[in-house]
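J.: Take a look at start-v1.pdb, PDB, C-alpha atoms, pLDDT in the B column:
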ATOM      1  CA  MET A 179     -17.474  29.554  -8.544  1.00 42.00           C
ATOM      2  CA  CYS A 180     -17.595  30.620 -12.175  1.00 48.00           C
ATOM      3  CA  ARG A 181     -18.850  27.350 -13.672  1.00 44.00           C
ATOM      4  CA  THR A 182     -21.412  28.272 -16.354  1.00 43.00           C
ATOM      5  CA  SER A 183     -21.960  32.033 -16.596  1.00 43.00           C
ATOM      6  CA  CYS A 184     -18.377  32.993 -17.499  1.00 47.00           C
ATOM      7  CA  ILE A 185     -16.961  32.841 -21.008  1.00 44.00           C
ATOM      8  CA  TYR A 186     -13.339  31.715 -21.188  1.00 45.00           C
ATOM      9  CA  THR A 187     -10.848  31.531 -24.041  1.00 43.00           C
ATOM     10  CA  ARG A 188      -7.628  29.564 -24.232  1.00 38.00           C
ATOM     11  CA  THR A 189      -4.370  30.880 -25.596  1.00 36.00           C
ATOM     12  CA  THR A 190      -1.148  29.366 -26.796  1.00 31.00           C
ATOM     13  CA  TYR A 191       1.696  31.849 -27.120  1.00 25.00           C
ATOM     14  CA  GLY A 192      -0.744  34.777 -27.049  1.00 28.00           C
ATOM     15  CA  LYS A 193      -3.370  33.593 -29.549  1.00 25.00           C
ATOM     16  CA  ILE A 194      -6.663  31.731 -29.306  1.00 30.00           C
ATOM     17  CA  THR A 195      -6.124  28.002 -29.785  1.00 34.00           C
ATOM     18  CA  THR A 196      -8.475  26.267 -32.237  1.00 31.00           C
ATOM     19  CA  GLU A 197      -9.585  22.637 -31.945  1.00 34.00           C
ATOM     20  CA  HIS A 198      -7.452  21.803 -35.013  1.00 33.00           C
ATOM     21  CA  GLU A 199      -4.406  23.341 -33.392  1.00 35.00           C
ATOM     22  CA  LEU A 200      -5.053  21.448 -30.171  1.00 33.00           C
ATOM     23  CA  THR A 201      -5.058  18.194 -32.144  1.00 37.00           C
ATOM     24  CA  ASN A 202      -1.752  19.097 -33.797  1.00 40.00           C
ATOM     25  CA  MET A 203      -0.273  20.075 -30.428  1.00 38.00           C
ATOM     26  CA  GLU A 204      -1.325  16.706 -28.983  1.00 42.00           C
ATOM     27  CA  GLY A 205       0.512  14.942 -31.801  1.00 44.00           C
ATOM     28  CA  LEU A 206       3.616  17.020 -31.191  1.00 42.00           C
ATOM     29  CA  GLY A 207       3.323  16.301 -27.473  1.00 42.00           C
ATOM     30  CA  SER A 208       3.287  12.553 -28.166  1.00 41.00           C
ATOM     31  CA  LEU A 209       6.479  12.847 -30.235  1.00 39.00           C
ATOM     32  CA  MET A 210       8.146  14.882 -27.474  1.00 40.00           C
ATOM     33  CA  PHE A 211       7.050  12.240 -24.947  1.00 38.00           C
ATOM     34  CA  VAL A 212       8.836   9.468 -26.871  1.00 36.00           C
ATOM     35  CA  ILE A 213      12.033  11.526 -27.106  1.00 37.00           C
ATOM     36  CA  LEU A 214      11.936  12.587 -23.458  1.00 39.00           C
ATOM     37  CA  SER A 215      11.241   9.042 -22.299  1.00 38.00           C
ATOM     38  CA  LEU A 216      14.331   7.746 -24.080  1.00 36.00           C
ATOM     39  CA  VAL A 217      16.437  10.404 -22.366  1.00 38.00           C
ATOM     40  CA  THR A 218      15.012  10.412 -18.844  1.00 42.00           C
ATOM     41  CA  ALA A 219      14.765   6.623 -18.494  1.00 39.00           C
ATOM     42  CA  GLU A 220      18.545   6.332 -18.279  1.00 46.00           C
ATOM     43  CA  GLY A 221      19.562   4.832 -14.945  1.00 58.00           C
ATOM     44  CA  ARG A 222      16.278   2.934 -14.511  1.00 85.00           C
ATOM     45  CA  GLU A 223      14.651   0.487 -16.874  1.00 88.00           C
ATOM     46  CA  PRO A 224      10.831   0.737 -16.764  1.00 95.00           C
ATOM     47  CA  THR A 225       9.019  -2.554 -17.288  1.00 94.00           C
ATOM     48  CA  ALA A 226       5.677  -0.888 -18.087  1.00 97.00           C
ATOM     49  CA  THR A 227       4.015   2.493 -18.627  1.00 98.00           C
ATOM     50  CA  LEU A 228       0.642   3.082 -16.950  1.00 98.00           C
ATOM     51  CA  THR A 229      -1.735   5.410 -18.810  1.00 97.00           C
ATOM     52  CA  VAL A 230      -5.363   6.607 -18.618  1.00 97.00           C
ATOM     53  CA  LYS A 231      -7.530   9.107 -20.496  1.00 95.00           C
ATOM     54  CA  GLY A 232      -6.985  12.615 -19.112  1.00 92.00           C
ATOM     55  CA  GLY A 233      -7.672  16.243 -19.984  1.00 88.00           C
ATOM     56  CA  ASP A 234      -7.222  17.919 -23.365  1.00 86.00           C
ATOM     57  CA  TRP A 235      -4.697  20.662 -22.600  1.00 85.00           C
ATOM     58  CA  GLY A 236      -1.064  21.090 -21.688  1.00 88.00           C
ATOM     59  CA  VAL A 237       2.223  19.376 -22.532  1.00 90.00           C
ATOM     60  CA  TRP A 238       4.061  16.447 -20.994  1.00 94.00           C
ATOM     61  CA  GLY A 239       7.002  17.216 -18.733  1.00 91.00           C
ATOM     62  CA  ASP A 240      10.018  15.045 -17.995  1.00 92.00           C
ATOM     63  CA  VAL A 241       9.752  11.636 -16.357  1.00 94.00           C
ATOM     64  CA  GLU A 242      10.953  11.824 -12.749  1.00 95.00           C
ATOM     65  CA  TYR A 243      12.079   8.675 -10.887  1.00 97.00           C
ATOM     66  CA  CYS A 244      12.530   7.459  -7.347  1.00 97.00           C
ATOM     67  CA  ALA A 245      16.144   6.721  -6.420  1.00 96.00           C
ATOM     68  CA  GLU A 246      17.626   3.499  -7.757  1.00 95.00           C
ATOM     69  CA  GLY A 247      16.151   0.507  -5.910  1.00 96.00           C
ATOM     70  CA  SER A 248      13.240   2.591  -4.568  1.00 97.00           C
ATOM     71  CA  PHE A 249       9.538   2.520  -5.378  1.00 98.00           C
ATOM     72  CA  ALA A 250       6.507   4.690  -4.684  1.00 98.00           C
ATOM     73  CA  ASP A 251       4.607   3.695  -1.543  1.00 98.00           C
ATOM     74  CA  GLY A 252       2.406   6.794  -1.175  1.00 98.00           C
ATOM     75  CA  TYR A 253       1.359  10.107  -2.656  1.00 98.00           C
ATOM     76  CA  LYS A 254       0.250  13.678  -2.010  1.00 96.00           C
ATOM     77  CA  MET A 255      -1.999  15.971  -4.052  1.00 95.00           C
ATOM     78  CA  ARG A 256      -1.986  19.729  -4.491  1.00 92.00           C
ATOM     79  CA  ILE A 257      -5.590  20.882  -4.873  1.00 88.00           C
ATOM     80  CA  GLU A 258      -7.141  24.318  -5.249  1.00 85.00           C
ATOM     81  CA  PRO A 259     -10.507  24.571  -3.425  1.00 81.00           C
ATOM     82  CA  PRO A 260     -13.551  26.016  -5.272  1.00 79.00           C
ATOM     83  CA  GLN A 261     -13.012  29.704  -6.067  1.00 79.00           C
ATOM     84  CA  LYS A 262     -16.661  30.843  -5.953  1.00 74.00           C
ATOM     85  CA  TRP A 263     -16.610  33.549  -8.669  1.00 71.00           C
ATOM     86  CA  GLY A 264     -13.000  32.915  -9.702  1.00 67.00           C
ATOM     87  CA  ASP A 265     -11.343  30.425 -12.040  1.00 69.00           C
ATOM     88  CA  ASP A 266     -11.258  26.842 -10.725  1.00 73.00           C
ATOM     89  CA  THR A 267      -8.331  24.495 -11.390  1.00 70.00           C
ATOM     90  CA  SER A 268      -8.869  21.712  -8.795  1.00 76.00           C
ATOM     91  CA  LEU A 269      -6.070  19.058  -8.853  1.00 89.00           C
ATOM     92  CA  ASN A 270      -2.822  20.753  -9.924  1.00 88.00           C
ATOM     93  CA  ARG A 271       0.107  18.501  -8.938  1.00 92.00           C
ATOM     94  CA  VAL A 272       0.811  14.990  -7.652  1.00 95.00           C
ATOM     95  CA  SER A 273       3.897  13.979  -5.669  1.00 96.00           C
ATOM     96  CA  ILE A 274       4.951  10.380  -4.998  1.00 98.00           C
ATOM     97  CA  THR A 275       6.818   9.290  -1.878  1.00 97.00           C
ATOM     98  CA  CYS A 276       9.545   6.686  -2.294  1.00 98.00           C
ATOM     99  CA  ARG A 277      11.025   3.876  -0.161  1.00 97.00           C
ATOM    100  CA  ASP A 278      13.842   1.438  -0.709  1.00 97.00           C
ATOM    101  CA  GLY A 279      12.462  -1.889  -1.907  1.00 96.00           C
ATOM    102  CA  ASP A 280      14.632  -3.894   0.509  1.00 95.00           C
ATOM    103  CA  THR A 281      15.296  -1.780   3.614  1.00 96.00           C
ATOM    104  CA  LEU A 282      11.972   0.136   3.387  1.00 97.00           C
ATOM    105  CA  GLU A 283      13.823   3.310   4.344  1.00 97.00           C
ATOM    106  CA  GLU A 284      12.366   6.559   2.971  1.00 96.00           C
ATOM    107  CA  THR A 285      14.346   7.851  -0.003  1.00 96.00           C
ATOM    108  CA  GLY A 286      12.503  11.134  -0.617  1.00 95.00           C
ATOM    109  CA  ASP A 287       9.608  12.568  -2.573  1.00 95.00           C
ATOM    110  CA  VAL A 288       9.393  13.010  -6.334  1.00 95.00           C
ATOM    111  CA  THR A 289       7.593  16.232  -7.296  1.00 88.00           C
ATOM    112  CA  PRO A 290       7.758  17.174 -11.004  1.00 81.00           C
ATOM    113  CA  HIS A 291       7.547  20.862 -11.996  1.00 71.00           C
ATOM    114  CA  PRO A 292       8.459  22.246  -8.542  1.00 63.00           C
ATOM    115  CA  ASN A 293       9.267  25.727  -9.850  1.00 61.00           C
ATOM    116  CA  ILE A 294       6.314  26.361 -12.186  1.00 65.00           C
ATOM    117  CA  LYS A 295       3.483  28.641 -11.008  1.00 64.00           C
ATOM    118  CA  VAL A 296       0.826  26.522  -9.329  1.00 77.00           C
ATOM    119  CA  PHE A 297      -2.442  27.086  -7.485  1.00 81.00           C
ATOM    120  CA  GLY A 298      -3.814  25.365  -4.396  1.00 84.00           C
ATOM    121  CA  TYR A 299      -2.333  23.659  -1.351  1.00 88.00           C
ATOM    122  CA  TRP A 300      -0.555  20.388  -0.649  1.00 92.00           C
ATOM    123  CA  GLY A 301      -2.562  17.827   1.301  1.00 92.00           C
ATOM    124  CA  SER A 302      -1.214  15.171   3.630  1.00 94.00           C
ATOM    125  CA  LYS A 303       0.573  12.012   2.512  1.00 95.00           C
ATOM    126  CA  THR A 304      -1.401   8.794   2.040  1.00 97.00           C
ATOM    127  CA  SER A 305       0.631   5.568   2.090  1.00 98.00           C
ATOM    128  CA  CYS A 306       0.287   1.850   1.429  1.00 98.00           C
ATOM    129  CA  HIS A 307       0.659  -0.667   4.236  1.00 97.00           C
ATOM    130  CA  GLU A 308       4.284  -1.163   5.218  1.00 96.00           C
ATOM    131  CA  GLY A 309       6.145  -3.192   2.610  1.00 96.00           C
ATOM    132  CA  ASP A 310       3.590  -2.528  -0.135  1.00 98.00           C
ATOM    133  CA  PHE A 311       3.933  -0.195  -3.125  1.00 98.00           C
ATOM    134  CA  LEU A 312       1.768   1.584  -5.717  1.00 98.00           C
ATOM    135  CA  THR A 313       0.921  -0.560  -8.744  1.00 98.00           C
ATOM    136  CA  SER A 314      -1.924   1.117 -10.720  1.00 98.00           C
ATOM    137  CA  PHE A 315      -4.022   4.300 -10.725  1.00 98.00           C
ATOM    138  CA  ALA A 316      -7.312   5.924 -11.766  1.00 98.00           C
ATOM    139  CA  LEU A 317      -7.869   9.612 -12.558  1.00 97.00           C
ATOM    140  CA  GLN A 318     -10.981  11.729 -12.001  1.00 94.00           C
ATOM    141  CA  VAL A 319     -11.386  14.146 -14.935  1.00 92.00           C
ATOM    142  CA  GLU A 320     -13.970  16.798 -15.762  1.00 88.00           C
ATOM    143  CA  ARG A 321     -14.971  16.803 -19.432  1.00 86.00           C
ATOM    144  CA  PRO A 322     -14.462  20.042 -21.434  1.00 77.00           C
ATOM    145  CA  GLN A 323     -16.993  22.710 -20.461  1.00 78.00           C
ATOM    146  CA  GLY A 324     -17.098  24.657 -23.727  1.00 73.00           C
ATOM    147  CA  ALA A 325     -17.393  28.353 -22.807  1.00 69.00           C
ATOM    148  CA  GLY A 326     -17.578  27.377 -19.117  1.00 67.00           C
ATOM    149  CA  ASP A 327     -14.816  26.866 -16.569  1.00 72.00           C
ATOM    150  CA  ASP A 328     -12.557  23.847 -17.224  1.00 73.00           C
ATOM    151  CA  THR A 329     -10.638  22.053 -14.479  1.00 77.00           C
ATOM    152  CA  ALA A 330      -9.502  18.800 -16.217  1.00 83.00           C
ATOM    153  CA  ALA A 331      -7.910  16.482 -13.590  1.00 90.00           C
ATOM    154  CA  ASN A 332      -9.608  16.595 -10.176  1.00 92.00           C
ATOM    155  CA  PHE A 333      -8.422  13.608  -8.114  1.00 94.00           C
ATOM    156  CA  VAL A 334      -6.280  10.468  -8.292  1.00 97.00           C
ATOM    157  CA  LYS A 335      -6.336   7.132  -6.486  1.00 98.00           C
ATOM    158  CA  PHE A 336      -4.090   4.075  -6.595  1.00 98.00           C
ATOM    159  CA  THR A 337      -3.868   0.392  -5.843  1.00 98.00           C
ATOM    160  CA  CYS A 338      -1.146  -1.068  -3.597  1.00 98.00           C
ATOM    161  CA  ARG A 339       0.307  -4.550  -3.209  1.00 97.00           C
ATOM    162  CA  ASN A 340       3.485  -6.330  -2.275  1.00 96.00           C
ATOM    163  CA  ILE A 341       5.871  -6.310  -5.215  1.00 94.00           C
ATOM    164  CA  THR A 342       6.002 -10.105  -5.519  1.00 91.00           C
ATOM    165  CA  THR A 343       3.005 -11.495  -3.605  1.00 90.00           C
ATOM    166  CA  GLY A 344      -0.470 -10.645  -2.350  1.00 90.00           C
ATOM    167  CA  GLU A 345      -3.590  -9.088  -3.838  1.00 94.00           C
ATOM    168  CA  PRO A 346      -4.001  -5.374  -4.683  1.00 96.00           C
ATOM    169  CA  TYR A 347      -6.179  -3.030  -2.618  1.00 98.00           C
ATOM    170  CA  VAL A 348      -7.350   0.535  -3.232  1.00 98.00           C
ATOM    171  CA  LEU A 349      -5.477   3.480  -1.687  1.00 98.00           C
ATOM    172  CA  GLU A 350      -7.329   6.799  -1.773  1.00 95.00           C
ATOM    173  CA  GLN A 351      -7.215  10.020   0.179  1.00 92.00           C
ATOM    174  CA  GLN A 352     -10.402  11.187   1.829  1.00 89.00           C
ATOM    175  CA  PRO A 353     -13.030  12.200   0.780  1.00 88.00           C
ATOM    176  CA  GLY A 354     -12.246   9.825  -2.102  1.00 88.00           C
ATOM    177  CA  ALA A 355     -13.129  12.173  -4.970  1.00 88.00           C
ATOM    178  CA  GLY A 356     -12.586  15.728  -6.197  1.00 82.00           C
ATOM    179  CA  TYR A 357     -15.048  18.523  -6.883  1.00 84.00           C
ATOM    180  CA  TRP A 358     -15.942  17.886 -10.533  1.00 85.00           C
ATOM    181  CA  GLY A 359     -15.827  15.125 -13.119  1.00 90.00           C
ATOM    182  CA  THR A 360     -15.827  11.349 -12.903  1.00 91.00           C
ATOM    183  CA  PHE A 361     -13.239   8.604 -12.513  1.00 96.00           C
ATOM    184  CA  GLY A 362     -12.238   6.812 -15.672  1.00 96.00           C
ATOM    185  CA  LYS A 363     -11.076   3.237 -16.009  1.00 97.00           C
ATOM    186  CA  TRP A 364      -8.189   1.921 -13.945  1.00 98.00           C
ATOM    187  CA  SER A 365      -4.819   1.785 -15.656  1.00 98.00           C
ATOM    188  CA  ASP A 366      -3.077  -1.506 -16.227  1.00 98.00           C
ATOM    189  CA  SER A 367      -1.170  -2.808 -13.202  1.00 97.00           C
ATOM    190  CA  CYS A 368       2.587  -3.122 -12.837  1.00 97.00           C
ATOM    191  CA  PRO A 369       3.661  -6.701 -13.607  1.00 96.00           C
ATOM    192  CA  ARG A 370       4.473  -8.992 -10.683  1.00 95.00           C
ATOM    193  CA  GLY A 371       7.939  -8.283  -9.395  1.00 95.00           C
ATOM    194  CA  SER A 372       7.639  -4.558 -10.118  1.00 97.00           C
ATOM    195  CA  ALA A 373       5.953  -1.408  -8.805  1.00 98.00           C
ATOM    196  CA  ILE A 374       5.616   2.271  -9.680  1.00 98.00           C
ATOM    197  CA  CYS A 375       8.994   4.009  -9.706  1.00 98.00           C
ATOM    198  CA  GLY A 376       8.415   7.103 -11.868  1.00 97.00           C
ATOM    199  CA  ILE A 377       5.892   9.831 -12.636  1.00 97.00           C
ATOM    200  CA  GLN A 378       5.161  12.158 -15.552  1.00 96.00           C
ATOM    201  CA  GLN A 379       2.617  14.982 -15.548  1.00 94.00           C
ATOM    202  CA  LYS A 380       0.797  16.803 -18.354  1.00 93.00           C
ATOM    203  CA  ILE A 381       0.518  20.452 -17.310  1.00 88.00           C
ATOM    204  CA  GLU A 382      -1.181  23.420 -18.938  1.00 84.00           C
ATOM    205  CA  SER A 383       0.955  26.499 -18.320  1.00 71.00           C
ATOM    206  CA  PHE A 384      -0.464  29.610 -16.658  1.00 68.00           C
ATOM    207  CA  GLN A 385      -2.964  31.277 -19.015  1.00 69.00           C
ATOM    208  CA  SER A 386      -3.085  34.716 -17.290  1.00 65.00           C
ATOM    209  CA  ILE A 387      -5.712  35.995 -14.878  1.00 65.00           C
ATOM    210  CA  TRP A 388      -8.146  36.623 -17.755  1.00 61.00           C
ATOM    211  CA  ARG A 389      -7.948  33.141 -19.261  1.00 64.00           C
ATOM    212  CA  ASP A 390      -9.146  29.707 -18.159  1.00 62.00           C
ATOM    213  CA  ASP A 391      -6.497  27.651 -16.320  1.00 69.00           C
ATOM    214  CA  THR A 392      -6.629  23.897 -15.744  1.00 70.00           C
ATOM    215  CA  GLU A 393      -3.065  23.103 -14.559  1.00 76.00           C
ATOM    216  CA  LEU A 394      -2.811  19.269 -14.284  1.00 89.00           C
ATOM    217  CA  ASN A 395      -4.511  17.431 -17.150  1.00 91.00           C
ATOM    218  CA  ASN A 396      -3.097  13.910 -17.091  1.00 95.00           C
ATOM    219  CA  LEU A 397      -0.594  11.556 -15.464  1.00 97.00           C
ATOM    220  CA  ARG A 398       1.639   8.689 -16.515  1.00 97.00           C
ATOM    221  CA  PHE A 399       3.382   6.306 -14.132  1.00 98.00           C
ATOM    222  CA  TYR A 400       6.300   3.971 -14.792  1.00 98.00           C
ATOM    223  CA  CYS A 401       6.944   0.532 -13.298  1.00 98.00           C
ATOM    224  CA  CYS A 402      10.404  -0.813 -12.443  1.00 98.00           C
ATOM    225  CA  GLN A 403      11.577  -4.312 -11.598  1.00 94.00           C
ATOM    226  CA  LYS A 404      12.844  -4.999  -8.113  1.00 87.00           C
TER     227      LYS A 404
END
What does this structure look like when you write it as C-alpha cells?
T.:
Amino acid sequence: MCRTSCIYTRTTYGKITTEHELTNMEGLGSLMFVILSLVTAEGREPTATLTVKGGDWGVWGDVEYCAEGSFADGYKMRIEPPQKWGDDTSLNRVSITCRDGDTLEETGDVTPHPNIKVFGYWGSKTSCHEGDFLTSFALQVERPQGAGDDTAANFVKFTCRNITTGEPYVLEQQPGAGYWGTFGKWSDSCPRGSAICGIQQKIESFQSIWRDDTELNNLRFYCCQK
C-alpha cells in the first residue's frame, strides 16, 4: 500500500501536468460538459442535475440514461482493494440499475465507459425498496496527497423514496464507506414527481504503470419527471 513513501507524478498527453494546467483543463471540461449535456439529453428531459464536490483529475464523459419511462432503483460499484505496495485507485466505476416507473419491470443497467481500462471488481447490486427510486447521493473522496498516492473517489451512497410520496431513506452498500477519504455533503434531491434517470462520470484515463492513477473522480446524476 504505497500511501506516503512513494513519489508520483501525473501526466497529460505525456507531460507533467502543473496546477495551472489542471485549472485550465477543469474549465475546458466544464465547457465540454455543457455541450455534451445538450446533445445527450435528447430523448429525456432532466428536471434537475445533482452535483457534489469530487476529485481534481479526469474529464467528464457522456451522460447515460435509463430507458424512457425508467428510473434508477439501485446501484453497483467497481472497487479496487488496497494494493499494499502498488498504486491504489479505490472506487473506479458506478453502474445504476433501472426499472420502469409504472410496471416496475427491470429495464437494464447503465454503465458508462464500459470499454475503458479499469481496475478492481464489481460488487453486488444494492436496491431501494420495491417501488422506490434513487433521489440524491453523497460521495466519499480522498483529498489530494501531494507526492503520495491519490485515489480520489472511494465510495458512494444514495437516498431512496417513492417518486411522488413518502420520506427519503439512506441506501448504502456495506461496509458503508471506502478505504480512504471522507463523505462530503449530500447533493440536492430530485424534485417530487421525479427520480434519478441518468449518470455521468468524471474519469482520469490510465496514467501508465509508473504514474499515479485515480480512475473515478466525481459523479453527476440527472433527475427525470415521471
J.: Selected by the PyMOL selection byres ((chain A and resi 353) around 12) in the shown coordinates: which residues, as a list in words?
T.: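 Taken over the shown coordinates, the PyMOL selection byres ((chain A and resi 353) around 12) returns Gly301, Phe333, Val334, Lys335, Leu349, Glu350, Gln351, Gln352, Gly354, Ala355, Gly356 and Tyr357 of chain A.
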J.: Output the selection as a tab-separated table (two decimals), in the frame of the given file - C-alpha atoms for each residue.
T.:
chain	number	residue	atom	x	y	z
A	301	GLY	CA	-2.56	17.83	1.30
A	333	PHE	CA	-8.42	13.61	-8.11
A	334	VAL	CA	-6.28	10.47	-8.29
A	335	LYS	CA	-6.34	7.13	-6.49
A	349	LEU	CA	-5.48	3.48	-1.69
A	350	GLU	CA	-7.33	6.80	-1.77
A	351	GLN	CA	-7.22	10.02	0.18
A	352	GLN	CA	-10.40	11.19	1.83
A	354	GLY	CA	-12.25	9.82	-2.10
A	355	ALA	CA	-13.13	12.17	-4.97
A	356	GLY	CA	-12.59	15.73	-6.20
A	357	TYR	CA	-15.05	18.52	-6.88
J.: To one decimal place in Å, what is the distance between CA of Val348 (chain A) and CA of Met255 (chain A)?
T.: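 Those two atoms sit 16.4 Å apart.
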J.: Using only C-alpha atoms, which residue out of A:Lys303, A:Arg370, A:Arg321, A:Lys363 lies closest to Thr343 (chain A)?
T.: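 That would be A:Arg370, the residue with the smallest distance to Thr343 (chain A).
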J.: Mind checking which residues fall within 8 Å of Arg398 (chain A), counting only C-alpha atoms, ignoring those fewer than 6 positions away in the same chain, and posting them as a list in words?
T.: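 The contact residues come out as Thr227, Leu228, Thr229, Val230, Ile377, Gln378 and Gln379 of chain A.
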J.: Need the shell around Asp328 (chain A): protein/DNA/RNA residues with any atom at most 8 Å away, counting all atoms listed in the file. Skip same-chain ones fewer than 3 positions apart. Format as a PyMOL selection string?
T.: chain A and resi 266-267+320-324+390-392
J.: Please work out which residues fall within 8 Å of (2.9, 6.0, -0.2), coordinates as given in the file, with only C-alpha atoms counting, and return them as a list in words.
T.: Ala250, Asp251, Gly252, Tyr253, Ile274, Thr275, Cys276, Lys303, Thr304, Ser305, Cys306, Phe311 and Leu312 of chain A
J.: Selected by the PyMOL selection byres ((chain A and resi 361) around 7) in the shown coordinates: which residues, as a list in words?
T.: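 Given this file, the PyMOL selection byres ((chain A and resi 361) around 7) evaluates to Ala316, Leu317, Gln318, Val319, Thr360, Gly362 and Lys363 of chain A.
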J.: To one decimal place in Å, what is the distance between CA of Ser367 (chain A) and CA of Phe399 (chain A)?
T.: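 Interatomic distance here is 10.2 Å.
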J.: Could you name the residues that touch Glu246 (chain A) at 10 Å or less, counting only C-alpha atoms, but leaving out those on the same chain fewer than 6 positions away, as a ChimeraX atom specification?
T.: /A:221-222,278-279,285,375,402,404
J.: Specify as a list in words each residue included when the PyMOL selection byres ((chain A and resi 372) around 7) is applied to this file.
T.: Ile341, Cys368, Pro369, Arg370, Gly371, Ala373, Cys401, Cys402, Gln403 and Lys404 of chain A
J.: So which one's closest to Glu283 (chain A), A:Trp358, A:Phe249, A:Tyr347, A:Tyr299? Using only C-alpha atoms, please.
T.: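 Of all the options, A:Phe249 lies closest to Glu283 (chain A).
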J.: Work out how far CA of Tyr243 (chain A) is from CA of Glu345 (chain A), in Å to one decimal.
T.: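 About the pair CA of Glu345 (chain A) and CA of Tyr243 (chain A): they are 24.7 Å apart.
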J.: What are the centre and edge lengths in Å, to one decimal, of the axis-aligned box around all listed atoms of region 335-347 of chain A with 4 Å added on each side, as lines of an AutoDock Vina configuration file?
T.:
center_x = -0.2
center_y = -2.2
center_z = -4.4
size_x = 20.3
size_y = 26.6
size_z = 12.3
J.: Neighbours of Ile381 (chain A) within 8 Å (all atoms listed in the file; same-chain residues fewer than 3 positions away dropped), as a count of residues only?
T.: 9
J.: Which residues come within 8 Å of Ser314 (chain A), counting all atoms listed in the file, excluding same-chain residues fewer than 3 positions away, as a PyMOL selection string?
T.: chain A and resi 228+336-338+364-368+374
